[in-house]
$ cat my_file_34.cif   # mmCIF, C-alpha atoms and all ligand atoms
data_run
#
loop_
_atom_site.label_atom_id
_atom_site.label_comp_id
_atom_site.auth_asym_id
_atom_site.auth_seq_id
_atom_site.Cartn_x
_atom_site.Cartn_y
_atom_site.Cartn_z
CA MET T 1 0.00 0.00 0.00
CA SER T 2 1.36 3.45 -0.85
CA TYR T 3 1.09 6.41 1.51
CA TYR T 4 1.27 10.17 1.35
CA LYS T 5 1.90 12.77 4.04
CA THR T 6 0.36 16.20 4.37
CA LYS T 7 -1.32 18.50 6.84
CA GLY T 8 -5.04 19.14 6.56
CA ILE T 9 -8.05 20.89 8.07
CA ASN T 10 -11.27 18.89 8.42
CA LEU T 11 -13.99 20.70 6.49
CA LYS T 12 -16.76 18.17 6.95
CA SER T 13 -17.35 14.74 8.40
CA LEU T 14 -20.09 12.24 7.68
CA PRO T 15 -20.84 9.01 9.57
CA TYR T 16 -20.08 5.91 7.56
CA GLY T 17 -21.09 2.43 8.66
CA GLU T 18 -21.32 1.73 12.37
CA SER T 19 -18.18 3.39 13.58
CA ASN T 20 -16.39 5.17 10.74
CA LYS T 21 -16.28 8.70 9.41
CA ILE T 22 -15.77 9.97 5.89
CA LEU T 23 -13.91 13.25 6.04
CA THR T 24 -13.58 16.06 3.55
CA ILE T 25 -10.15 17.48 4.31
CA PHE T 26 -8.53 20.59 2.89
CA THR T 27 -4.86 19.67 2.71
CA PHE T 28 -1.87 21.92 2.24
CA ASP T 29 -0.23 19.79 -0.44
CA PHE T 30 -3.13 18.26 -2.38
CA GLY T 31 -6.08 20.61 -1.89
CA LYS T 32 -9.41 19.00 -1.06
CA ILE T 33 -9.50 15.25 -0.52
CA SER T 34 -11.90 12.67 0.92
CA ALA T 35 -10.68 9.95 3.24
CA ILE T 36 -12.11 7.44 5.66
CA ALA T 37 -11.18 7.35 9.35
CA LYS T 38 -11.93 3.85 10.54
CA GLY T 39 -13.42 3.60 14.02
CA ALA T 40 -13.43 7.40 14.44
CA ARG T 41 -16.96 7.40 15.90
CA LYS T 42 -16.07 5.03 18.74
CA THR T 43 -15.49 6.70 22.10
CA THR T 44 -12.32 4.65 22.40
CA SER T 45 -11.03 5.72 18.96
CA LYS T 46 -7.32 6.41 18.64
CA PHE T 47 -8.29 9.55 16.73
CA GLY T 48 -10.15 11.22 19.63
CA VAL T 49 -11.46 14.66 18.56
CA ARG T 50 -8.91 14.94 15.76
CA MET T 51 -11.45 13.76 13.19
CA ASP T 52 -14.01 16.41 14.17
CA SER T 53 -14.71 19.45 12.00
CA PHE T 54 -12.15 22.30 12.04
CA ALA T 55 -9.33 20.14 13.48
CA CYS T 56 -5.97 20.53 11.74
CA ASN T 57 -3.64 17.54 11.74
CA ASP T 58 -0.44 16.17 10.29
CA LEU T 59 -1.66 13.14 8.37
CA MET T 60 -0.37 9.91 6.93
CA ILE T 61 -2.88 8.64 4.38
CA ALA T 62 -2.98 5.39 2.44
CA HIS T 63 -4.10 5.40 -1.18
CA GLY T 64 -7.24 3.29 -1.52
CA SER T 65 -8.97 1.88 -4.59
CA SER T 66 -12.18 3.82 -3.87
CA LEU T 67 -11.47 5.85 -0.73
CA ASP T 68 -8.17 6.87 0.82
CA LEU T 69 -7.63 5.74 4.40
CA ILE T 70 -6.31 7.86 7.26
CA SER T 71 -3.54 5.78 8.74
CA GLN T 72 -1.95 8.10 11.30
CA CYS T 73 -2.52 11.62 12.54
CA GLU T 74 -0.92 14.08 14.91
CA THR T 75 -2.69 17.16 16.18
CA ILE T 76 -1.60 20.59 15.00
CA ASP T 77 -4.68 22.25 16.54
CA THR T 78 -8.08 20.70 17.30
CA PHE T 79 -9.70 24.19 17.44
CA TYR T 80 -11.89 22.58 20.06
CA GLU T 81 -12.71 26.01 21.56
CA LEU T 82 -14.71 26.91 18.44
CA ARG T 83 -17.37 24.38 19.42
CA SER T 84 -17.98 25.98 22.82
CA ASN T 85 -19.59 29.16 21.47
CA LEU T 86 -22.42 29.35 18.95
CA ILE T 87 -21.08 32.46 17.18
CA LEU T 88 -17.59 30.96 16.80
CA LEU T 89 -19.09 27.65 15.67
CA GLU T 90 -21.20 29.42 13.05
CA LYS T 91 -18.31 31.50 11.68
CA ALA T 92 -15.91 28.55 11.59
CA GLY T 93 -18.61 26.42 9.94
CA TYR T 94 -19.24 29.15 7.37
CA MET T 95 -15.54 29.43 6.43
CA CYS T 96 -15.10 25.65 6.13
CA ARG T 97 -18.24 25.41 4.00
CA ILE T 98 -17.04 28.15 1.66
CA VAL T 99 -13.59 26.55 1.28
CA ASN T 100 -15.36 23.29 0.45
CA GLU T 101 -17.50 25.07 -2.15
CA VAL T 102 -14.76 27.03 -3.91
CA SER T 103 -12.08 24.34 -3.91
CA THR T 104 -11.64 21.57 -6.45
CA ASN T 105 -10.64 18.02 -5.54
CA LYS T 106 -6.88 17.50 -5.47
CA ILE T 107 -5.99 21.01 -6.66
CA LYS T 108 -3.41 22.56 -4.32
CA ASN T 109 -4.16 26.05 -2.99
CA GLU T 110 -1.63 27.05 -0.33
CA LYS T 111 -2.99 30.58 0.02
CA LEU T 112 -6.47 29.33 0.78
CA PHE T 113 -5.13 26.79 3.26
CA ASP T 114 -3.11 29.46 5.07
CA LEU T 115 -6.09 31.83 5.09
CA LEU T 116 -8.42 29.24 6.63
CA PHE T 117 -5.86 28.25 9.26
CA SER T 118 -5.17 31.91 10.16
CA CYS T 119 -8.87 32.70 10.44
CA LEU T 120 -9.64 29.67 12.62
CA SER T 121 -6.70 30.69 14.84
CA MET T 122 -7.97 34.26 15.12
CA LEU T 123 -11.44 33.05 16.10
CA LYS T 124 -9.91 30.77 18.71
CA ASN T 125 -7.78 33.64 20.05
CA GLY T 126 -10.73 35.94 20.65
CA VAL T 127 -10.51 38.29 17.66
CA ASN T 128 -13.90 39.86 16.83
CA PRO T 129 -15.75 37.12 14.81
CA GLU T 130 -17.32 39.67 12.44
CA PHE T 131 -13.88 41.04 11.62
CA VAL T 132 -12.50 37.53 11.05
CA ALA T 133 -15.38 36.70 8.70
CA ALA T 134 -14.91 39.97 6.77
CA LEU T 135 -11.17 39.37 6.53
CA PHE T 136 -11.78 35.83 5.29
CA ASP T 137 -14.24 37.06 2.65
CA ILE T 138 -12.02 39.90 1.42
CA ARG T 139 -8.88 37.75 1.16
CA LEU T 140 -10.93 35.04 -0.54
CA MET T 141 -12.04 37.54 -3.20
CA ASP T 142 -8.38 38.20 -3.90
CA ILE T 143 -7.42 34.50 -4.00
CA GLU T 144 -10.32 33.75 -6.34
CA GLY T 145 -9.41 36.66 -8.63
CA VAL T 146 -12.58 38.68 -8.06
CA PHE T 147 -11.24 41.43 -5.81
CA PRO T 148 -13.02 44.71 -6.68
CA THR T 149 -11.37 47.81 -8.11
CA LEU T 150 -11.09 50.30 -5.28
CA ASP T 151 -8.59 52.97 -6.29
CA ARG T 152 -10.38 54.30 -9.39
CA CYS T 153 -13.90 54.58 -10.74
CA VAL T 154 -14.82 51.44 -12.68
CA LYS T 155 -16.80 53.54 -15.20
CA CYS T 156 -14.60 56.55 -16.04
CA HIS T 157 -11.31 55.22 -14.54
CA LYS T 158 -10.60 58.47 -12.69
CA THR T 159 -8.78 58.16 -9.37
CA VAL T 160 -11.12 58.26 -6.39
CA PRO T 161 -10.09 60.95 -3.90
CA GLY T 162 -9.39 59.61 -0.39
CA ASN T 163 -10.72 62.69 1.41
CA ILE T 164 -14.42 62.23 0.64
CA ARG T 165 -16.84 60.80 3.20
CA ASN T 166 -18.98 58.44 1.12
CA ILE T 167 -18.53 56.58 -2.09
CA ARG T 168 -20.66 54.27 -4.25
CA PHE T 169 -19.90 50.65 -4.99
CA ASN T 170 -21.31 48.68 -7.88
CA SER T 171 -20.87 44.89 -7.86
CA ASP T 172 -22.01 44.48 -11.45
CA PHE T 173 -19.13 46.67 -12.61
CA GLY T 174 -16.80 45.22 -9.96
CA GLY T 175 -15.78 48.19 -7.84
CA VAL T 176 -16.22 51.78 -6.75
CA VAL T 177 -18.07 54.37 -8.83
CA CYS T 178 -17.33 58.10 -8.58
CA PHE T 179 -20.06 60.62 -7.79
CA ASN T 180 -20.40 61.83 -11.40
CA CYS T 181 -20.84 58.31 -12.77
CA SER T 182 -23.06 57.14 -9.90
CA VAL T 183 -25.84 59.60 -10.79
CA LYS T 184 -26.09 57.93 -14.21
CA GLU T 185 -26.21 54.32 -12.97
CA ASN T 186 -28.55 52.24 -10.80
CA GLY T 187 -27.51 49.44 -8.48
CA ASN T 188 -24.94 51.38 -6.46
CA ILE T 189 -24.39 50.78 -2.74
CA LYS T 190 -23.42 53.89 -0.79
CA ILE T 191 -20.58 53.18 1.64
CA HIS T 192 -18.24 55.13 3.89
CA ILE T 193 -14.78 55.67 2.42
CA ASP T 194 -13.34 53.95 5.54
CA ALA T 195 -14.96 50.69 4.41
CA VAL T 196 -13.10 50.93 1.10
CA LYS T 197 -9.86 51.70 2.93
CA LEU T 198 -10.36 48.72 5.26
CA MET T 199 -10.87 46.37 2.30
CA ALA T 200 -7.68 47.62 0.68
CA GLU T 201 -5.71 47.27 3.93
CA ILE T 202 -6.95 43.71 4.50
CA ARG T 203 -5.97 42.76 0.96
CA ASN T 204 -2.49 44.25 1.18
CA LYS T 205 -1.51 43.11 4.69
CA GLU T 206 0.95 40.27 5.23
CA GLU T 207 -0.62 37.46 7.26
CA ASP T 208 1.52 38.12 10.31
CA GLY T 209 0.17 41.69 10.32
CA PHE T 210 -3.53 40.84 10.57
CA SER T 211 -3.55 41.72 14.28
CA ASP T 212 -2.35 45.27 13.48
CA ILE T 213 -5.43 46.11 11.40
CA MET T 214 -7.65 48.67 13.12
CA PHE T 215 -11.37 48.57 12.36
CA ARG T 216 -14.67 50.02 13.53
CA GLU T 217 -17.74 47.86 14.04
CA ASP T 218 -19.96 50.25 12.07
CA VAL T 219 -17.60 49.90 9.09
CA LEU T 220 -17.80 46.10 9.32
CA LEU T 221 -21.58 46.36 9.31
CA GLU T 222 -21.47 48.49 6.15
CA LEU T 223 -19.15 46.03 4.44
CA LYS T 224 -21.36 43.01 5.01
CA PRO T 225 -24.07 43.71 2.37
CA LEU T 226 -21.41 44.88 -0.08
CA ILE T 227 -19.43 41.65 0.32
CA LYS T 228 -22.61 39.58 0.00
CA ASP T 229 -23.62 41.43 -3.17
CA HIS T 230 -20.15 41.10 -4.70
CA PHE T 231 -19.86 37.41 -3.82
CA GLU T 232 -23.25 36.53 -5.24
CA ARG T 233 -22.42 38.17 -8.55
CA HIS T 234 -18.91 36.82 -8.97
CA LEU T 235 -18.55 33.51 -7.10
CA PRO T 236 -20.73 30.37 -7.35
CA ILE T 237 -21.27 30.04 -3.61
CA ASN T 238 -24.03 30.41 -1.07
CA TYR T 239 -22.84 33.38 0.99
CA GLU T 240 -25.55 33.28 3.68
CA HIS T 241 -24.38 33.46 7.28
CA SER T 242 -25.67 35.42 10.23
ZN ZN J 1 -16.54 57.78 -12.70
#
$ encode --input "my_file_34.cif" --output "structure tokens" --more "lines below"
Ligand SMILES: [Zn+2]
Amino acid sequence: MSYYKTKGINLKSLPYGESNKILTIFTFDFGKISAIAKGARKTTSKFGVRMDSFACNDLMIAHGSSLDLISQCETIDTFYELRSNLILLEKAGYMCRIVNEVSTNKIKNEKLFDLLFSCLSMLKNGVNPEFVAALFDIRLMDIEGVFPTLDRCVKCHKTVPGNIRNIRFNSDFGGVVCFNCSVKENGNIKIHIDAVKLMAEIRNKEEDGFSDIMFREDVLLELKPLIKDHFERHLPINYEHS
């Protein structure tokens, strides 16, 4: 039997047979895979909570004829804390669902893996869950190649001044619209310029600088419908989360 090693985050688990689980795992080296964890539903299982959703493990997996088989695993982080709070559970569940929806079987995506791991870690470490979800969404737009144009009007291409209070955003056109163009078009969302600046900062920040990003809760609230609108137009996913 041949084996492969990787690290992976459990996106989803389904019961299989009397005592097994079939896991959808987002791995660092091979993207999304499915594998069976034999006996994982038994209370005496050698896997413990490592085969639960969100857990990240170093894995040794055996190639199988129909399903690969998890042979060994060592915990990197169980993210067990995320199950103790409904809001954290919902946000972590949302991010894992979206990664499952946008990823393709066995296509490596290191940036998406790192993003999911960073966001689960931030949730665990007490960072505002709404901020973590917004950061996840905004970085995902970039990874998926649908990040909006923010520095110039998508209609007339003129630079948008940074000293104005409000600006319009149009998902159909994929970015901000200046005042002159916005009076000629429908479907614009009015947002505070700080929301645009926050999106740009989140996109440009290195991952180890996420904790330096300053944000206001009212700006996060403004961003939410904009992100939803942009996602629904440009990505084939179900954005809904509370
Ligand atoms: Zn314009």
$ closest_residue --input "my_file_34.cif" --among "T:Glu110, T:Glu74, T:Asp194, T:Glu201" --to "Lys5 (chain T)" --atoms "only C-alpha atoms"
T:Glu74
$ closest_residue --input "my_file_34.cif" --among "T:Leu235, T:Ala40, T:Ile164, T:Cys96" --to "Cys73 (chain T)" --atoms "all atoms listed in the file"
T:Ala40
$ residues_near_ligand --input "my_file_34.cif" --ligand "ligand ZN 1 (chain J)" --cutoff "6 Å" --atoms "only C-alpha atoms and all ligand atoms" --output "list in words"
Cys153, Lys155, Cys156, Lys158, Val177, Cys178, Asn180 and Cys181 of chain T
$ atom_distance --input "my_file_34.cif" --atom1 "CA of Phe136 (chain T)" --atom2 "CA of Leu116 (chain T)"
7.5 Å
$ closest_residue --input "my_file_34.cif" --among "T:Met141, T:Val127, T:Ala134, T:Ile76" --to "Leu59 (chain T)" --atoms "only C-alpha atoms"
T:Ile76
$ axis_aligned_box --input "my_file_34.cif" --around "region 216-223 of chain T" --padding-each-side "3 Å" --output "JSON"
{"center_x": -18.1, "center_y": 48.1, "center_z": 9.2, "size_x": 12.9, "size_y": 10.2, "size_z": 15.6}
$ residues_near_point --input "my_file_34.cif" --point "(-19.2, 36.1, 0.1)" --cutoff "9 Å" --atoms "all atoms listed in the file" --output "list in words"
Ile98, Ala134, Asp137, Ile138, Leu140, Met141, Lys224, Ile227, Lys228, Asp229, His230, Phe231, Glu232, Leu235, Ile237, Asn238, Tyr239 and Glu240 of chain T
$ write_last_selection --input "my_file_34.cif" --atoms "C-alpha atoms" --output "PDB file, keeping the file's coordinate frame"
ATOM      1  CA  ILE T  98     -17.040  28.150   1.660  1.00  0.00           C
ATOM      2  CA  ALA T 134     -14.910  39.970   6.770  1.00  0.00           C
ATOM      3  CA  ASP T 137     -14.240  37.060   2.650  1.00  0.00           C
ATOM      4  CA  ILE T 138     -12.020  39.900   1.420  1.00  0.00           C
ATOM      5  CA  LEU T 140     -10.930  35.040  -0.540  1.00  0.00           C
ATOM      6  CA  MET T 141     -12.040  37.540  -3.200  1.00  0.00           C
ATOM      7  CA  LYS T 224     -21.360  43.010   5.010  1.00  0.00           C
ATOM      8  CA  ILE T 227     -19.430  41.650   0.320  1.00  0.00           C
ATOM      9  CA  LYS T 228     -22.610  39.580   0.000  1.00  0.00           C
ATOM     10  CA  ASP T 229     -23.620  41.430  -3.170  1.00  0.00           C
ATOM     11  CA  HIS T 230     -20.150  41.100  -4.700  1.00  0.00           C
ATOM     12  CA  PHE T 231     -19.860  37.410  -3.820  1.00  0.00           C
ATOM     13  CA  GLU T 232     -23.250  36.530  -5.240  1.00  0.00           C
ATOM     14  CA  LEU T 235     -18.550  33.510  -7.100  1.00  0.00           C
ATOM     15  CA  ILE T 237     -21.270  30.040  -3.610  1.00  0.00           C
ATOM     16  CA  ASN T 238     -24.030  30.410  -1.070  1.00  0.00           C
ATOM     17  CA  TYR T 239     -22.840  33.380   0.990  1.00  0.00           C
ATOM     18  CA  GLU T 240     -25.550  33.280   3.680  1.00  0.00           C
TER      19      GLU T 240
END
$ residues_around --input "my_file_34.cif" --residues "Leu150 (chain T)" --least-positions-apart "3" --cutoff "10 Å" --atoms "only C-alpha atoms" --output "list in words"
Phe147, Cys153, Val154, Thr159, Val160, Phe169, Gly174, Gly175, Val176, Val177, Val196, Lys197, Met199 and Ala200 of chain T
$ atom_distance --input "my_file_34.cif" --atom1 "CA of Asp68 (chain T)" --atom2 "CA of Ile33 (chain T)"
8.6 Å
$ decode --input "my_file_34.cif" --residues "region 14-145 of chain T" --atoms "C-alpha atoms" --output "mmCIF file, in the first residue's frame"
data_model
loop_
_atom_site.group_PDB
_atom_site.id
_atom_site.type_symbol
_atom_site.label_atom_id
_atom_site.label_comp_id
_atom_site.auth_asym_id
_atom_site.auth_seq_id
_atom_site.Cartn_x
_atom_site.Cartn_y
_atom_site.Cartn_z
ATOM 1 C CA LEU T 14 -20.095 12.244 7.678
ATOM 2 C CA PRO T 15 -20.844 9.013 9.566
ATOM 3 C CA TYR T 16 -20.079 5.906 7.556
ATOM 4 C CA GLY T 17 -21.085 2.434 8.657
ATOM 5 C CA GLU T 18 -21.317 1.730 12.367
ATOM 6 C CA SER T 19 -18.183 3.389 13.577
ATOM 7 C CA ASN T 20 -16.390 5.174 10.736
ATOM 8 C CA LYS T 21 -16.279 8.704 9.411
ATOM 9 C CA ILE T 22 -15.766 9.971 5.892
ATOM 10 C CA LEU T 23 -13.913 13.252 6.037
ATOM 11 C CA THR T 24 -13.583 16.055 3.554
ATOM 12 C CA ILE T 25 -10.155 17.484 4.309
ATOM 13 C CA PHE T 26 -8.532 20.592 2.887
ATOM 14 C CA THR T 27 -4.865 19.671 2.709
ATOM 15 C CA PHE T 28 -1.867 21.924 2.238
ATOM 16 C CA ASP T 29 -0.227 19.785 -0.438
ATOM 17 C CA PHE T 30 -3.125 18.260 -2.377
ATOM 18 C CA GLY T 31 -6.085 20.608 -1.892
ATOM 19 C CA LYS T 32 -9.413 19.002 -1.058
ATOM 20 C CA ILE T 33 -9.503 15.252 -0.518
ATOM 21 C CA SER T 34 -11.898 12.668 0.917
ATOM 22 C CA ALA T 35 -10.681 9.949 3.238
ATOM 23 C CA ILE T 36 -12.109 7.440 5.656
ATOM 24 C CA ALA T 37 -11.182 7.353 9.349
ATOM 25 C CA LYS T 38 -11.932 3.846 10.537
ATOM 26 C CA GLY T 39 -13.418 3.600 14.022
ATOM 27 C CA ALA T 40 -13.432 7.398 14.437
ATOM 28 C CA ARG T 41 -16.957 7.401 15.898
ATOM 29 C CA LYS T 42 -16.071 5.026 18.735
ATOM 30 C CA THR T 43 -15.489 6.700 22.098
ATOM 31 C CA THR T 44 -12.322 4.653 22.400
ATOM 32 C CA SER T 45 -11.032 5.716 18.964
ATOM 33 C CA LYS T 46 -7.317 6.409 18.640
ATOM 34 C CA PHE T 47 -8.288 9.548 16.728
ATOM 35 C CA GLY T 48 -10.149 11.220 19.632
ATOM 36 C CA VAL T 49 -11.459 14.664 18.564
ATOM 37 C CA ARG T 50 -8.914 14.938 15.758
ATOM 38 C CA MET T 51 -11.448 13.760 13.193
ATOM 39 C CA ASP T 52 -14.011 16.411 14.174
ATOM 40 C CA SER T 53 -14.709 19.449 11.998
ATOM 41 C CA PHE T 54 -12.146 22.301 12.036
ATOM 42 C CA ALA T 55 -9.332 20.140 13.480
ATOM 43 C CA CYS T 56 -5.974 20.534 11.742
ATOM 44 C CA ASN T 57 -3.636 17.536 11.736
ATOM 45 C CA ASP T 58 -0.437 16.169 10.287
ATOM 46 C CA LEU T 59 -1.662 13.143 8.372
ATOM 47 C CA MET T 60 -0.368 9.908 6.928
ATOM 48 C CA ILE T 61 -2.880 8.642 4.384
ATOM 49 C CA ALA T 62 -2.982 5.389 2.441
ATOM 50 C CA HIS T 63 -4.096 5.404 -1.182
ATOM 51 C CA GLY T 64 -7.236 3.291 -1.525
ATOM 52 C CA SER T 65 -8.969 1.880 -4.586
ATOM 53 C CA SER T 66 -12.183 3.824 -3.872
ATOM 54 C CA LEU T 67 -11.469 5.852 -0.731
ATOM 55 C CA ASP T 68 -8.174 6.870 0.823
ATOM 56 C CA LEU T 69 -7.629 5.737 4.404
ATOM 57 C CA ILE T 70 -6.309 7.857 7.262
ATOM 58 C CA SER T 71 -3.545 5.779 8.738
ATOM 59 C CA GLN T 72 -1.951 8.104 11.305
ATOM 60 C CA CYS T 73 -2.525 11.623 12.537
ATOM 61 C CA GLU T 74 -0.919 14.083 14.913
ATOM 62 C CA THR T 75 -2.689 17.163 16.182
ATOM 63 C CA ILE T 76 -1.598 20.588 15.001
ATOM 64 C CA ASP T 77 -4.679 22.249 16.543
ATOM 65 C CA THR T 78 -8.083 20.704 17.300
ATOM 66 C CA PHE T 79 -9.705 24.187 17.437
ATOM 67 C CA TYR T 80 -11.892 22.580 20.063
ATOM 68 C CA GLU T 81 -12.714 26.010 21.560
ATOM 69 C CA LEU T 82 -14.707 26.912 18.439
ATOM 70 C CA ARG T 83 -17.370 24.381 19.423
ATOM 71 C CA SER T 84 -17.975 25.983 22.816
ATOM 72 C CA ASN T 85 -19.585 29.162 21.472
ATOM 73 C CA LEU T 86 -22.415 29.353 18.950
ATOM 74 C CA ILE T 87 -21.075 32.455 17.175
ATOM 75 C CA LEU T 88 -17.594 30.961 16.796
ATOM 76 C CA LEU T 89 -19.094 27.653 15.668
ATOM 77 C CA GLU T 90 -21.203 29.422 13.048
ATOM 78 C CA LYS T 91 -18.311 31.501 11.684
ATOM 79 C CA ALA T 92 -15.909 28.545 11.588
ATOM 80 C CA GLY T 93 -18.611 26.422 9.942
ATOM 81 C CA TYR T 94 -19.237 29.150 7.368
ATOM 82 C CA MET T 95 -15.542 29.432 6.434
ATOM 83 C CA CYS T 96 -15.104 25.655 6.130
ATOM 84 C CA ARG T 97 -18.242 25.415 3.995
ATOM 85 C CA ILE T 98 -17.044 28.155 1.658
ATOM 86 C CA VAL T 99 -13.588 26.546 1.285
ATOM 87 C CA ASN T 100 -15.363 23.287 0.450
ATOM 88 C CA GLU T 101 -17.503 25.068 -2.154
ATOM 89 C CA VAL T 102 -14.757 27.035 -3.914
ATOM 90 C CA SER T 103 -12.077 24.338 -3.906
ATOM 91 C CA THR T 104 -11.640 21.574 -6.448
ATOM 92 C CA ASN T 105 -10.636 18.024 -5.537
ATOM 93 C CA LYS T 106 -6.877 17.502 -5.469
ATOM 94 C CA ILE T 107 -5.988 21.006 -6.656
ATOM 95 C CA LYS T 108 -3.410 22.563 -4.324
ATOM 96 C CA ASN T 109 -4.165 26.047 -2.991
ATOM 97 C CA GLU T 110 -1.631 27.054 -0.334
ATOM 98 C CA LYS T 111 -2.987 30.582 0.023
ATOM 99 C CA LEU T 112 -6.475 29.334 0.775
ATOM 100 C CA PHE T 113 -5.131 26.788 3.265
ATOM 101 C CA ASP T 114 -3.113 29.463 5.072
ATOM 102 C CA LEU T 115 -6.086 31.831 5.088
ATOM 103 C CA LEU T 116 -8.415 29.244 6.626
ATOM 104 C CA PHE T 117 -5.858 28.251 9.263
ATOM 105 C CA SER T 118 -5.173 31.911 10.160
ATOM 106 C CA CYS T 119 -8.874 32.703 10.442
ATOM 107 C CA LEU T 120 -9.639 29.666 12.623
ATOM 108 C CA SER T 121 -6.698 30.685 14.835
ATOM 109 C CA MET T 122 -7.971 34.265 15.119
ATOM 110 C CA LEU T 123 -11.443 33.047 16.098
ATOM 111 C CA LYS T 124 -9.906 30.773 18.714
ATOM 112 C CA ASN T 125 -7.780 33.636 20.054
ATOM 113 C CA GLY T 126 -10.727 35.940 20.653
ATOM 114 C CA VAL T 127 -10.506 38.287 17.664
ATOM 115 C CA ASN T 128 -13.902 39.860 16.827
ATOM 116 C CA PRO T 129 -15.749 37.125 14.814
ATOM 117 C CA GLU T 130 -17.325 39.673 12.437
ATOM 118 C CA PHE T 131 -13.882 41.041 11.620
ATOM 119 C CA VAL T 132 -12.498 37.532 11.054
ATOM 120 C CA ALA T 133 -15.384 36.698 8.696
ATOM 121 C CA ALA T 134 -14.907 39.967 6.772
ATOM 122 C CA LEU T 135 -11.167 39.370 6.526
ATOM 123 C CA PHE T 136 -11.777 35.835 5.289
ATOM 124 C CA ASP T 137 -14.244 37.065 2.654
ATOM 125 C CA ILE T 138 -12.024 39.904 1.422
ATOM 126 C CA ARG T 139 -8.875 37.750 1.161
ATOM 127 C CA LEU T 140 -10.934 35.037 -0.543
ATOM 128 C CA MET T 141 -12.040 37.537 -3.198
ATOM 129 C CA ASP T 142 -8.377 38.203 -3.903
ATOM 130 C CA ILE T 143 -7.416 34.504 -3.998
ATOM 131 C CA GLU T 144 -10.324 33.751 -6.339
ATOM 132 C CA GLY T 145 -9.410 36.660 -8.625
#
